[in-house]
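Remarks on the structure that follows.
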Amino acid sequence: MRKSWTAREMLIALAIACATSAAGATPPTRYAWLRDGSAYLWTVDAPQADASTALPSTLQTPLGSVWKLFVYAYLVDRHIAAPDYDCGGGNKEEVYCCTAGGSIDRDHALIQSCGLFFDPARLRLDTAGWREYWRARKAPAWLADLRGLQPERRVSVASLLQALASIPARTRDATADTLVSVITSGHGQGAVTYYGGLLRVKTWTMPTAAGGYQGGAAGWLADGTPVWLGGPGGSRNVLINAAPRLAPRIARARVPDDEACVAVNFFARYAIRKVLGPGIGDDGEVLSMRLRGNYTVVFENGNRLAINSRGEMRITPDKDGRPQIVGRFGLNDYVARVVQREGDTVQPEAARALAVVARSYLVQQAGRERGCYLIDDSSRTQRVLPRNPGAAARAAADFTDSLVLAGAPVQFHRDQAAPNQMSWLAAKQAARGGAAFDAILAATWPKATLTSFMSSLAGDCLSVAGADDWLRREAPIWARQLAGRAGYETPPLPAVCEASSGRPYADAGRNRVYIYRLDTEEDRIALTHEYLHLAFEHHPRGVDEAFIEHTARQLMRGGN
């Protein structure tokens, strides 16, 4: 839905259009970043594959919805309680917030870009306190002007990057954890396929005088680097269209292990007789020491296993004096070890899916000890590689940095699929067929939501009463009736979620359909209609609304 323009937006859009017309070309898509005090600019669609230049101070951008990011960060850092916004149905801007009678909290308001929530007057933000806060952080002068923080305000891209850099690291990380969901389920939905968990940004879209849009995003990379993206079109299109060239550049950035740590009890189901290697005596006495180098673990059953450690593993005596090996890892290091031990990296998209599953299982099932996750290395939980993981396994963990499935229990098995349990072999087969990691996950967990493990956001798929059971009964009947029709393929049973605004729709990427209710025949036709979009997804009929609607009504009448 396109919002109405303010008079000020119209004047700015006209100025942009005139400047563009004078230049005689459509504005390019550009990407800027700030690192080690220097700002850089790269034209994404330029012929030169990798040429970047110093960011000119004259390049400007509208704030768009990015102003909400700064209000959010201020609330977080100052520990200011923000009441939920209640939708009364009388404001057209509530389309970005909730339906009449509903409400929206702070985190969801940032994801959905609900400007009414962040209205400084509603939040009763003190202009003097706001000004002093940002001045103390040496932020650009425009950010200290609370009343001037409007979508149409134009600022230099360089100063926007400086403003993002001025946010304290802990607050930046908390804000970035929420922004992960912009890419997975917000206005950047669909971009997670290309950027994984590497991009944490607030999207922005502004109108142009020609009746089109300019848009992009601003925020941080996983390592805290401030970034900005801008180009012609809405924000989602800019993100996705830029992905073939931008995503590989972003993926080259080093992903640091986050503050989370994982303590692993290695070989939990197998008694260790002794450990052989550097620094360990031959007298059998078990000392507590870090392991550095190559070692051999000798088990009571006579088996032997070579392990390697750079100091992250140690040997200690258990309560009976027997040797035990424990490890302490960063979260991505742990995930990479599970990916390589439980799966492989032959199909990178399958490996990425397994990385998300491994991280999700840990967050859901592990115990906690001294601030770390605590888990056994076992076939009953997750097996963990007792040596350094390879580069491909670490790449799968880093690409999906922080991503977990929220809203459903998570399990996996080598070759057995079940509700909420991914089959590793099926995941590899799907990847060979061209499925991206998020689509592989959606096939098993259509109701779960990809988000950061540090985010407070829960699953965003609210069930429609009776809809899942009804669709489960009807879909096999439709499959028999539609068998042989050109383009028909029986899709994985999608989740039926409650729509919050607009018309019912199907989301093939997340294997979901969105409707409002299932009370009347028209409601059932709407659900059938959206299901058929999934069933004919790979055929031109899938976008033929007349065909889809006609077929849905035929099915509801029981006809052929």
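Every chain in the structure tokens takes a letter, A first, then B, and so on in the order presented; its residues are numbered from 1, and the ligands are numbered from 1 following the presented order.
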Report task. Could you give me, as an NGL selection string, the residues within 10 Å of Gly212 (chain A), counting only C-alpha atoms and dropping anything in the same chain fewer than 5 positions from it? Result -> :A and (13 or 206-207 or 232-234)
Report task. Mind listing the strand (DSSP E or B) residues of region 309-449 of chain A, per DSSP on the backbone, as a ChimeraX atom specification? Result -> /A:309-317,323-330,367-369,372-377,382,403-406,411-413,418,421-423,449
Query - Nearest to Ala435 (chain A), chosen from A:Glu349, A:Asp173, A:Glu522, A:Asp126, with only C-alpha atoms counted in the distances - result: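 Of all the options, A:Glu349 lies closest to Ala435 (chain A).
Atom pair CA of Pro62 (chain A) / CA of Ser156 (chain A) has a distance of 8.6 Å (rounded to one decimal).
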**Report entry** DSSP-assigned alpha helix (DSSP H) among region 183-300 of chain A, expressed as a list in words
**Finding:** Ile183, Thr184, Val192, Thr193, Tyr194, Tyr195, Ser235, Arg236, Asn237, Val238, Leu239, Ile240, Asn241, Ala242, Ala243, Pro244, Arg245, Leu246, Ala247, Pro248, Arg249, Ile250 and Ala251 of chain A
Just N, CA, C and O atoms for this one: save the residues we selected as a compact mmCIF listing (two decimals), in the first residue's frame.
# COMPACT_ATOMS: atom_id res chain seq x y z
N ILE A 183 14.97 -8.33 7.85
CA ILE A 183 15.38 -9.11 6.68
C ILE A 183 14.62 -10.43 6.60
O ILE A 183 14.36 -10.94 5.52
N THR A 184 14.25 -10.99 7.74
CA THR A 184 13.59 -12.30 7.72
C THR A 184 12.08 -12.20 7.58
O THR A 184 11.46 -13.06 6.94
N VAL A 192 16.60 -12.46 3.22
CA VAL A 192 17.41 -13.35 4.06
C VAL A 192 18.05 -14.45 3.23
O VAL A 192 19.12 -14.96 3.57
N THR A 193 17.42 -14.83 2.14
CA THR A 193 17.99 -15.84 1.24
C THR A 193 19.40 -15.44 0.82
O THR A 193 20.29 -16.28 0.71
N TYR A 194 19.60 -14.15 0.60
CA TYR A 194 20.86 -13.65 0.05
C TYR A 194 21.83 -13.15 1.11
O TYR A 194 23.05 -13.28 0.95
N TYR A 195 21.29 -12.58 2.21
CA TYR A 195 22.16 -11.94 3.20
C TYR A 195 22.27 -12.72 4.50
O TYR A 195 23.12 -12.39 5.33
N SER A 235 12.33 -0.39 -0.89
CA SER A 235 13.46 -0.95 -0.15
C SER A 235 13.68 -2.43 -0.41
O SER A 235 14.81 -2.89 -0.59
N ARG A 236 12.60 -3.19 -0.43
CA ARG A 236 12.75 -4.64 -0.63
C ARG A 236 13.34 -4.94 -2.00
O ARG A 236 14.25 -5.78 -2.13
N ASN A 237 12.86 -4.25 -3.02
CA ASN A 237 13.40 -4.47 -4.36
C ASN A 237 14.86 -4.06 -4.46
O ASN A 237 15.66 -4.72 -5.14
N VAL A 238 15.21 -2.96 -3.79
CA VAL A 238 16.60 -2.51 -3.82
C VAL A 238 17.50 -3.57 -3.17
O VAL A 238 18.56 -3.93 -3.70
N LEU A 239 17.08 -4.09 -2.03
CA LEU A 239 17.87 -5.12 -1.33
C LEU A 239 18.04 -6.37 -2.19
O LEU A 239 19.15 -6.91 -2.30
N ILE A 240 16.96 -6.82 -2.78
CA ILE A 240 17.02 -8.07 -3.54
C ILE A 240 17.73 -7.88 -4.88
O ILE A 240 18.54 -8.73 -5.29
N ASN A 241 17.47 -6.76 -5.55
CA ASN A 241 18.13 -6.53 -6.84
C ASN A 241 19.63 -6.33 -6.69
O ASN A 241 20.41 -6.67 -7.58
N ALA A 242 20.04 -5.78 -5.55
CA ALA A 242 21.47 -5.56 -5.31
C ALA A 242 22.18 -6.83 -4.87
O ALA A 242 23.42 -6.90 -4.92
N ALA A 243 21.42 -7.82 -4.44
CA ALA A 243 22.01 -9.00 -3.79
C ALA A 243 23.07 -9.73 -4.61
O ALA A 243 24.10 -10.12 -4.05
N PRO A 244 22.87 -9.97 -5.92
CA PRO A 244 23.89 -10.75 -6.64
C PRO A 244 25.30 -10.18 -6.54
O PRO A 244 26.27 -10.94 -6.53
N ARG A 245 25.42 -8.85 -6.44
CA ARG A 245 26.75 -8.25 -6.33
C ARG A 245 27.07 -7.81 -4.91
O ARG A 245 28.23 -7.87 -4.48
N LEU A 246 26.05 -7.37 -4.16
CA LEU A 246 26.31 -6.85 -2.82
C LEU A 246 26.53 -7.97 -1.80
O LEU A 246 27.40 -7.85 -0.93
N ALA A 247 25.73 -9.04 -1.88
CA ALA A 247 25.83 -10.11 -0.87
C ALA A 247 27.23 -10.72 -0.79
O ALA A 247 27.75 -10.93 0.31
N PRO A 248 27.90 -11.01 -1.93
CA PRO A 248 29.26 -11.55 -1.82
C PRO A 248 30.23 -10.59 -1.15
O PRO A 248 31.13 -11.00 -0.41
N ARG A 249 30.05 -9.29 -1.39
CA ARG A 249 30.93 -8.31 -0.73
C ARG A 249 30.70 -8.32 0.78
O ARG A 249 31.67 -8.30 1.57
N ILE A 250 29.44 -8.34 1.19
CA ILE A 250 29.13 -8.36 2.62
C ILE A 250 29.64 -9.65 3.27
O ILE A 250 30.15 -9.64 4.40
N ALA A 251 29.54 -10.75 2.54
CA ALA A 251 29.96 -12.04 3.10
C ALA A 251 31.46 -12.11 3.33
O ALA A 251 31.93 -12.96 4.10
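Counting only C-alpha atoms, the residue from A:His79, A:His538, A:Lys447, A:His529 that sits nearest to Asn420 (chain A) is A:Lys447.
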Query - Counting only C-alpha atoms, the option among A:Asp223, A:Ala350, A:Gln214, A:Ala396 closest to Arg200 (chain A) - result: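 So, comparing all the options, the nearest one is A:Asp223.
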Query - Residue neighbourhood region 108-122 of chain A, 8 Å, only C-alpha atoms, exclusion window fewer than 4 positions, as a list in words - result: Ser65, Lys68, Leu69, Val71, Tyr72, Asp84, Tyr85, Glu93, Glu94, Tyr96, Cys97, Ile104, Leu146, Thr178, Leu179, Ser181, Val182, Ser185, Gly186, His187, Lys202 and Leu457 of chain A
Query - Near-Pro389 (chain A) list (7 Å; only C-alpha atoms; drop same-chain fewer than 5 positions) as a list of chain:residue names - result: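 Counting only the stated atoms, we get A:Ala336, A:Arg337, A:Gln340, A:Arg394.
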Requested in this report: Grab the CA of Leu331 (chain A) to CA of Ala32 (chain A) distance for me, in Å with one decimal place.
Outcome: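 About the pair CA of Leu331 (chain A) and CA of Ala32 (chain A): they are 29.0 Å apart.
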Report task. Write out as a count of residues only which residues come within 12 Å of region 477-490 of chain A when counting only C-alpha atoms, dropping same-chain ones fewer than 6 positions away. Result -> 29
Query - Spatial neighbours of Gly367 (chain A), max dist 10 Å, only C-alpha atoms, sep filter under 5 positions, as a PyMOL selection string - result: chain A and resi 262-263+362+372-376
Residue subset to file, keeping C-alpha atoms, as an mmCIF file, in the first residue's frame:
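Output (again31.cif):
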data_model
loop_
_atom_site.group_PDB
_atom_site.id
_atom_site.type_symbol
_atom_site.label_atom_id
_atom_site.label_comp_id
_atom_site.auth_asym_id
_atom_site.auth_seq_id
_atom_site.Cartn_x
_atom_site.Cartn_y
_atom_site.Cartn_z
ATOM 1 C CA VAL A 262 28.958 -22.945 24.630
ATOM 2 C CA ALA A 263 30.409 -25.460 27.107
ATOM 3 C CA LEU A 362 21.100 -25.453 21.360
ATOM 4 C CA CYS A 372 27.326 -20.337 28.942
ATOM 5 C CA TYR A 373 25.086 -22.819 27.183
ATOM 6 C CA LEU A 374 25.867 -26.315 28.504
ATOM 7 C CA ILE A 375 25.329 -29.382 26.308
ATOM 8 C CA ASP A 376 26.610 -32.934 25.892
#
Query - Contacts of Asp36 (chain A) within 12 Å, only C-alpha atoms, excl. fewer than 3 positions in-chain, as JSON, numbers by chain - result: {"A": [33, 39, 40, 162, 165, 224, 225, 226]}
So that I have them on file, write out the residues from the current selection with N, CA and C atoms, as a compact mmCIF listing (two decimals), in the first residue's frame.
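Final output, again24.txt:
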# COMPACT_ATOMS: atom_id res chain seq x y z
N TRP A 33 29.82 2.50 3.49
CA TRP A 33 30.13 1.94 4.80
C TRP A 33 31.23 2.76 5.46
N ALA A 39 35.11 6.52 5.41
CA ALA A 39 33.85 6.15 4.76
C ALA A 39 34.11 5.88 3.28
N TYR A 40 33.44 4.86 2.76
CA TYR A 40 33.65 4.42 1.38
C TYR A 40 32.31 4.32 0.65
N GLN A 162 27.99 8.27 10.51
CA GLN A 162 28.56 8.72 11.78
C GLN A 162 27.52 8.62 12.90
N ALA A 165 27.36 5.12 13.99
CA ALA A 165 28.57 4.77 14.75
C ALA A 165 28.55 5.35 16.15
N GLY A 224 29.32 -4.93 13.31
CA GLY A 224 29.11 -3.58 13.82
C GLY A 224 29.46 -2.47 12.86
N THR A 225 29.86 -2.79 11.62
CA THR A 225 30.19 -1.77 10.62
C THR A 225 28.93 -1.02 10.20
N PRO A 226 28.88 0.32 10.32
CA PRO A 226 27.72 1.08 9.85
C PRO A 226 27.65 1.04 8.32
Query raised in the report: When distances are computed from only C-alpha atoms, which of A:Glu521, A:Gln382, A:Gln421, A:Arg512 shows the smallest separation from Ala366 (chain A)?
Result: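 With only C-alpha atoms as the atom set, the closest residue is A:Gln382.
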Report summary line: From CA of Ala430 (chain A) to CA of Pro492 (chain A) the spacing works out at 12.3 Å
Query raised in the report: Of the candidates A:Ala73, A:Cys98, A:Ile272, A:Leu123, which shows the shortest atom-to-atom distance to Ala163 (chain A), using only C-alpha atoms?
Result: A:Ala73
Query raised in the report: Using only C-alpha atoms, which of A:Val180, A:Leu518, A:Ser379, A:Gly230 sits nearest Thr449 (chain A)?
Result: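 That would be A:Val180, the residue with the smallest distance to Thr449 (chain A).
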